[in-house]
Amino acid sequence: VNYLIRIHKTNQSPNFDALIRPVPGISTSDRDGRTLQRTKRGWMWNSFFLLEEWTGTGKQYVGKLHSDMDHEDGSVKYVLTGDGAGTVFEIDENSGDIHATRRLDREEKALYTLSAKAVNKTSGQDLERASEFIIKIHDINDNEPKFAKDTYVASVLEMSNVGAFVMRVTATDADDEAYGNSAKLVYSILQGQPYFSVEPETGVIRTALPNMIRENRERRVCFGDFKYQHCSYKHLPVYSIDLFCSPSLGTYHISTPESAGIGSSVGRIKAYDTDVGENAEMWYSILDGDGQDVFNIITDSTSQEGVITVKKQLDYESKRLYSLRVQVTNTHIDRRFEQLGPFSDTAIVRITVTDVDEPPVFNRALYIFEVDEDTPAGSSVGTVSARDPDTINHLVKYTIDRHTDLERLFSIDSNNGTISTLQGLDRETSKWHNISVLATELSTALQTRVPVFIKVRDVNDNAPEFAMYYETFVCENVKAGQLIQTISAVDTDEPLVGHKFVFSLSTINPNFTIFDNEDNTARILTRRGSFNRREMSSYLLPVVISDNDYPIQSSTSTLTVRVCACDSRGNVQTCSNEALLLSAGLSTGALVAILLCILILLMIVVLFAALRRQKKKEPLIISKEDVRDNVVSYNDEGGGEEDTQAFDIGTLRNPEVIDTNKLRRDIMPEMLFPFRRTSPIKDNTDVRDFINGRLQENDSDPTAPPYDSLATYAYEGNGSLAESLSSLESAATEGDQEFEYLSHWGPQFKKLADMYIGQESQRET
């Protein structure tokens with residue numbers, strides 16, 4: 001199966017060339033006559049070329065992939081992987097068309113290695129093996145040459161001959177040397193003739209005139225390629241040449257990314273002044289231009305350069321090119337030489353803003369929302385909004401940073417940015433919730449976060465309660481109407497008009513009354529006098545506290561009033577519980593000791609009961625006198641010969657079945673496969689002889705355990721009134737049996753007697 005790549009030319013792109021040939025396969029037989037497997041033919045092609053700095057509209061077309069297995073039924077999907085797949089290059093999975101999604105810069109990346117394959121949409125299986133190809137970026141002349149040094153200084157002896165070597169300058173160009181003349185450099189002197197000359201290809205500077213004497217002269221020297229001409233001016237003695245290759249008075253081209261921060265430098269310019277010292281100090285300013293409000297220029301006093309900085313945030317999508325007219329002026333002017341002026345010059349500076357893939361931008365720096373605390377789960381809180389500032393608007397997805405919402409109280413719609421509650425909010429638990437919302441571009445995964453502050457508004461959902469725990473006492477000799485306690489209340493809610501509590505008693509109390517002070521406090525007064533702590537040691541006084549918010553919330557708090565013995569001045573001496581205990585002759589320490597003793601006794605009883613429950617497992621061998629004769633006796637009576645469920649007596653008659661080895665459960669076997677013993681004689685059907693033979697074999701077996709567990713079947717029915725019910729020792733024929741005696745054994749054998757006596761009657765009939 002072969003693939004076909006169609007390459008289309010455009011006016012802006014160079015000639016694309018593709019080589020498609022099948023990979024040679026292996027013949028079905030070689031010289032030795034062996035049959036070999038023929039390999040599947042793949043696809044191969046040469047490098048493709050794309051023009052850098054694409055200026056056309058839309059996406060740049062690269063080529064088309066097509067598989068012979070693609071029957072145009074939509075079942076084949078083309079997949080592109082490798083450098084820039086999905087970001088720089090994209091492929092139409094149905095048609096196989098490859099496009100470049102943005103402008104490419106060869107100096108940034110010269111080639112891209114990608115891999116393409118065809119996949120079945122239904123099964124997901126590869127229809128063809130993936131094959132690599134290279135897309136090379138075709139160079140254009142978009143870079144100016146740069147000298148190896150910022151400043152060249154050379155000297156030559158005066159009166160030197162023509163052609164005397166002065167120095168050699170070198171420059172480089174970032175453009176592709178292998179394509180055209182973009183990177184071909186030609187050195188020339190724009191100003192400085194006829195004193196010096198430069199070799200166009202090597203950059204060697206030589207003297208051009210003989211007999212040059214040492215005197216101050218101004219020389220203007222510049223080197224460039226065919227496209228760019230950059231000049232600078234220096235004060236040069238005859239024996240010295242200062243070659244400066246930075247741009248000077250003229251036109252400057254500067255580029256800066258749109259992400260440059262405010263105050264950051266985007267470029268430097270420098271003017272030439274033949275003076276030295278303070279007479280060479282300069283000051284730069286912006287006269288006019290459409291970028292006057294966006295850029296600023298400051299003077300570097302050390303290097304005497306003009307530094308252009310960003311004054312306002314740049315935006316590639318809004319404006320991409322700015323123009324400035326910059327003026328440079330001497331700061332120190334000698335008034336005697338004003339007629340030689342002006343001592344200033346101007347230059348045009350063009351600044352190009354380059355595109356940067358920017359993250360989404362929220363329409364606010366922060367968001368503040370409010371929500372009631374009784375809002376049910378799933379209610380909307382607010383909506384955040386972000387957009388992609390780039391030219392191509394990508395879809396934006398919203399998420400909540402869960403590190404800022406550990407309790408998962410909120411959720412956000414990933415499409416429209418609507419924030420909702422996941423559960424009910426409680427203002428008394430937290431009044432504010434501070435979360436962070438992330439906006440992410442789906443295509444580039446660039447993120448921006450914004451803080452969201454959610455205020456929980458108060459709802460009157462809590463009842464007031466006592467401000468503290470009150471220990472209230474009343475003296476036995478108290479008088480009616482005497483104040484015994486002042487109470488206050490608190491409420492976790494925060495109404496707009498402030499708290500207003502109302503105090504009352506739930507029922508009329510004959511002992512105490514309450515008086516509301518109307519300042520969120522109340523007084524507890526006695527309604528009567530002469531309390532007796534022996535009759536009643538304490539009183540429970542239920543107090544109802546209500547607020548004035550909507551809906552009204554109220555609660556009942558119980559105030560415990562203890563009766564105490566007081567002196568004549570009302571000072572408490574002893575209170576009810578302690579006084580009664582002391583009157584009984586028991587102190588607090590004695591009560592604590594009694595409780596500790598009771599607790600220790602309970603622990604001992606529990607421990608003793610637990611030890612009694614732990615019973616040791618009875619050993620299999622009960623008798624210690626003779627471990628060789630361990631007999632396991634079963635006294636259960638079966639149902640006779642017809643009882644085939646409990647025990648099959650036929651196994652005693654068949655020695656082959658009996659011979660099956662079974663591992664003992666009371667000991668650990670010493671080997672995985674026990675010694676196999678010989679089977680008894682098949683003709684011996686006597687159970688007694690079989691058991692005796694088994695006993696002898698175990699006695700003589702060196703691998704047997706030191707004791708035996710023997711089950712005896714020779715005498716069945718021991719302890720039964722009917723003795724043995726087995727037919728092993730019965731007569732040869734059923735006619736010799738008399739079953740009449742079964743009817744005299746009692747009701748336990750009634751069913752058995754009916755069965756055998758009934759059969760006997762039928763036989764006689």
# chains A, B, ... in the order shown; residues from 1 in each chain; ligands from 1
>>> residues_around(residues="Trp54 in chain A", least_positions_apart="6", cutoff="8 Å", atoms="only C-alpha atoms", output="list in words")
Gln12, Gln60, Arg102, Arg103 and Leu104 of chain A
>>> write_last_selection(atoms="N, CA, C and O atoms", output="short mmCIF file (atom, residue, chain, number, x, y, z; two decimals), in the first residue's frame")
data_model
loop_
_atom_site.label_atom_id
_atom_site.label_comp_id
_atom_site.auth_asym_id
_atom_site.auth_seq_id
_atom_site.Cartn_x
_atom_site.Cartn_y
_atom_site.Cartn_z
N GLN A 12 4.01 32.79 -2.97
CA GLN A 12 4.90 33.25 -1.92
C GLN A 12 5.92 32.21 -1.52
O GLN A 12 6.88 32.50 -0.86
N GLN A 60 -0.96 28.73 6.09
CA GLN A 60 -0.07 28.40 4.99
C GLN A 60 -0.19 26.92 4.65
O GLN A 60 -0.04 26.06 5.51
N ARG A 102 0.82 29.37 11.87
CA ARG A 102 1.34 30.70 12.17
C ARG A 102 2.58 30.96 11.36
O ARG A 102 3.11 30.07 10.69
N ARG A 103 3.01 32.18 11.41
CA ARG A 103 4.23 32.55 10.71
C ARG A 103 5.44 31.88 11.36
O ARG A 103 5.52 31.81 12.59
N LEU A 104 6.36 31.44 10.54
CA LEU A 104 7.54 30.73 11.03
C LEU A 104 8.78 31.57 10.81
O LEU A 104 8.86 32.36 9.86
#
>>> select_by_dssp(residues="range 78-190 of chain A", states="strand (DSSP E)", output="MDAnalysis selection string")
chainID A and resid 78:82 89:91 97:100 111:120 131:138 146:147 151:155 165:168 171:172
>>> closest_residue(among="A:Ser506, A:Ser380, A:Thr526, A:Ser554", to="Gln485 in chain A", atoms="only C-alpha atoms")
A:Thr526
>>> residues_around(residues="Arg533 in chain A", least_positions_apart="2", cutoff="6 Å", atoms="only C-alpha atoms", output="list of chain:residue names")
A:Glu535, A:Met536, A:Ser537, A:Val563, A:Ser576
>>> residues_around(residues="Thr170 in chain A", least_positions_apart="2", cutoff="12 Å", atoms="only C-alpha atoms", output="list in words")
Pro145, Lys146, Phe147, Ala148, Lys149, Asp150, Thr151, Tyr152, Met167, Arg168, Thr172, Asp173, Leu185, Val186, Tyr187, Val198, Glu199, Pro200, Glu201, Thr202, Gly203, Val204, Ile205, Phe223, Gly224, Leu243 and Cys245 of chain A
>>> residues_around(residues="Pro257 in chain A", least_positions_apart="2", cutoff="8 Å", atoms="only C-alpha atoms", output="number ranges by chain")
A: 255, 259-260, 353-356
>>> residues_around(residues="Leu438 in chain A", least_positions_apart="2", cutoff="8 Å", atoms="only C-alpha atoms", output="compact mmCIF listing (two decimals) with N, CA and C atoms, in the first residue's frame")
# COMPACT_ATOMS: atom_id res chain seq x y z
N TYR A 398 -12.97 27.26 32.35
CA TYR A 398 -12.88 27.78 33.71
C TYR A 398 -12.81 26.63 34.71
N THR A 399 -11.94 26.78 35.69
CA THR A 399 -11.83 25.81 36.79
C THR A 399 -11.55 26.56 38.08
N ILE A 400 -11.81 25.89 39.20
CA ILE A 400 -11.52 26.45 40.52
C ILE A 400 -10.26 25.76 41.06
N ASP A 401 -9.33 26.56 41.53
CA ASP A 401 -8.13 26.01 42.17
C ASP A 401 -8.57 25.37 43.49
N SER A 436 -9.75 30.99 44.09
CA SER A 436 -9.08 31.42 42.86
C SER A 436 -9.68 30.66 41.69
N THR A 440 -8.19 28.79 31.33
CA THR A 440 -7.18 28.05 30.58
C THR A 440 -7.56 27.99 29.11
N GLN A 447 -2.62 29.71 31.28
CA GLN A 447 -3.58 29.93 32.35
C GLN A 447 -3.44 31.33 32.92
N THR A 448 -4.56 31.82 33.42
CA THR A 448 -4.62 33.06 34.18
C THR A 448 -5.54 32.83 35.36
N ARG A 449 -5.16 33.34 36.51
CA ARG A 449 -5.99 33.19 37.69
C ARG A 449 -6.47 34.55 38.16
N VAL A 450 -7.63 34.54 38.79
CA VAL A 450 -8.20 35.76 39.33
C VAL A 450 -8.77 35.44 40.71
>>> select_by_dssp(residues="range 170-399 of chain A", states="helix (DSSP H, G or I)", output="ChimeraX atom specification")
/A:277-280,335-340
>>> atom_distance(atom1="CA of Asp413 in chain A", atom2="CA of Val381 in chain A")
11.5 Å
>>> residues_around(residues="Gly529 in chain A", least_positions_apart="3", cutoff="6 Å", atoms="only C-alpha atoms", output="list of chain:residue names")
A:Val478, A:Lys479, A:Ala480
>>> closest_residue(among="A:Asn143, A:Thr404, A:Asn462, A:Asn692", to="Asp549 in chain A", atoms="only C-alpha atoms")
A:Asn462
>>> closest_residue(among="A:Lys455, A:Thr574, A:Ala174, A:Asp461", to="Ile368 in chain A", atoms="only C-alpha atoms")
A:Lys455
>>> closest_residue(among="A:Glu93, A:Glu738, A:Glu407, A:Asp519", to="Thr421 in chain A", atoms="only C-alpha atoms")
A:Glu407
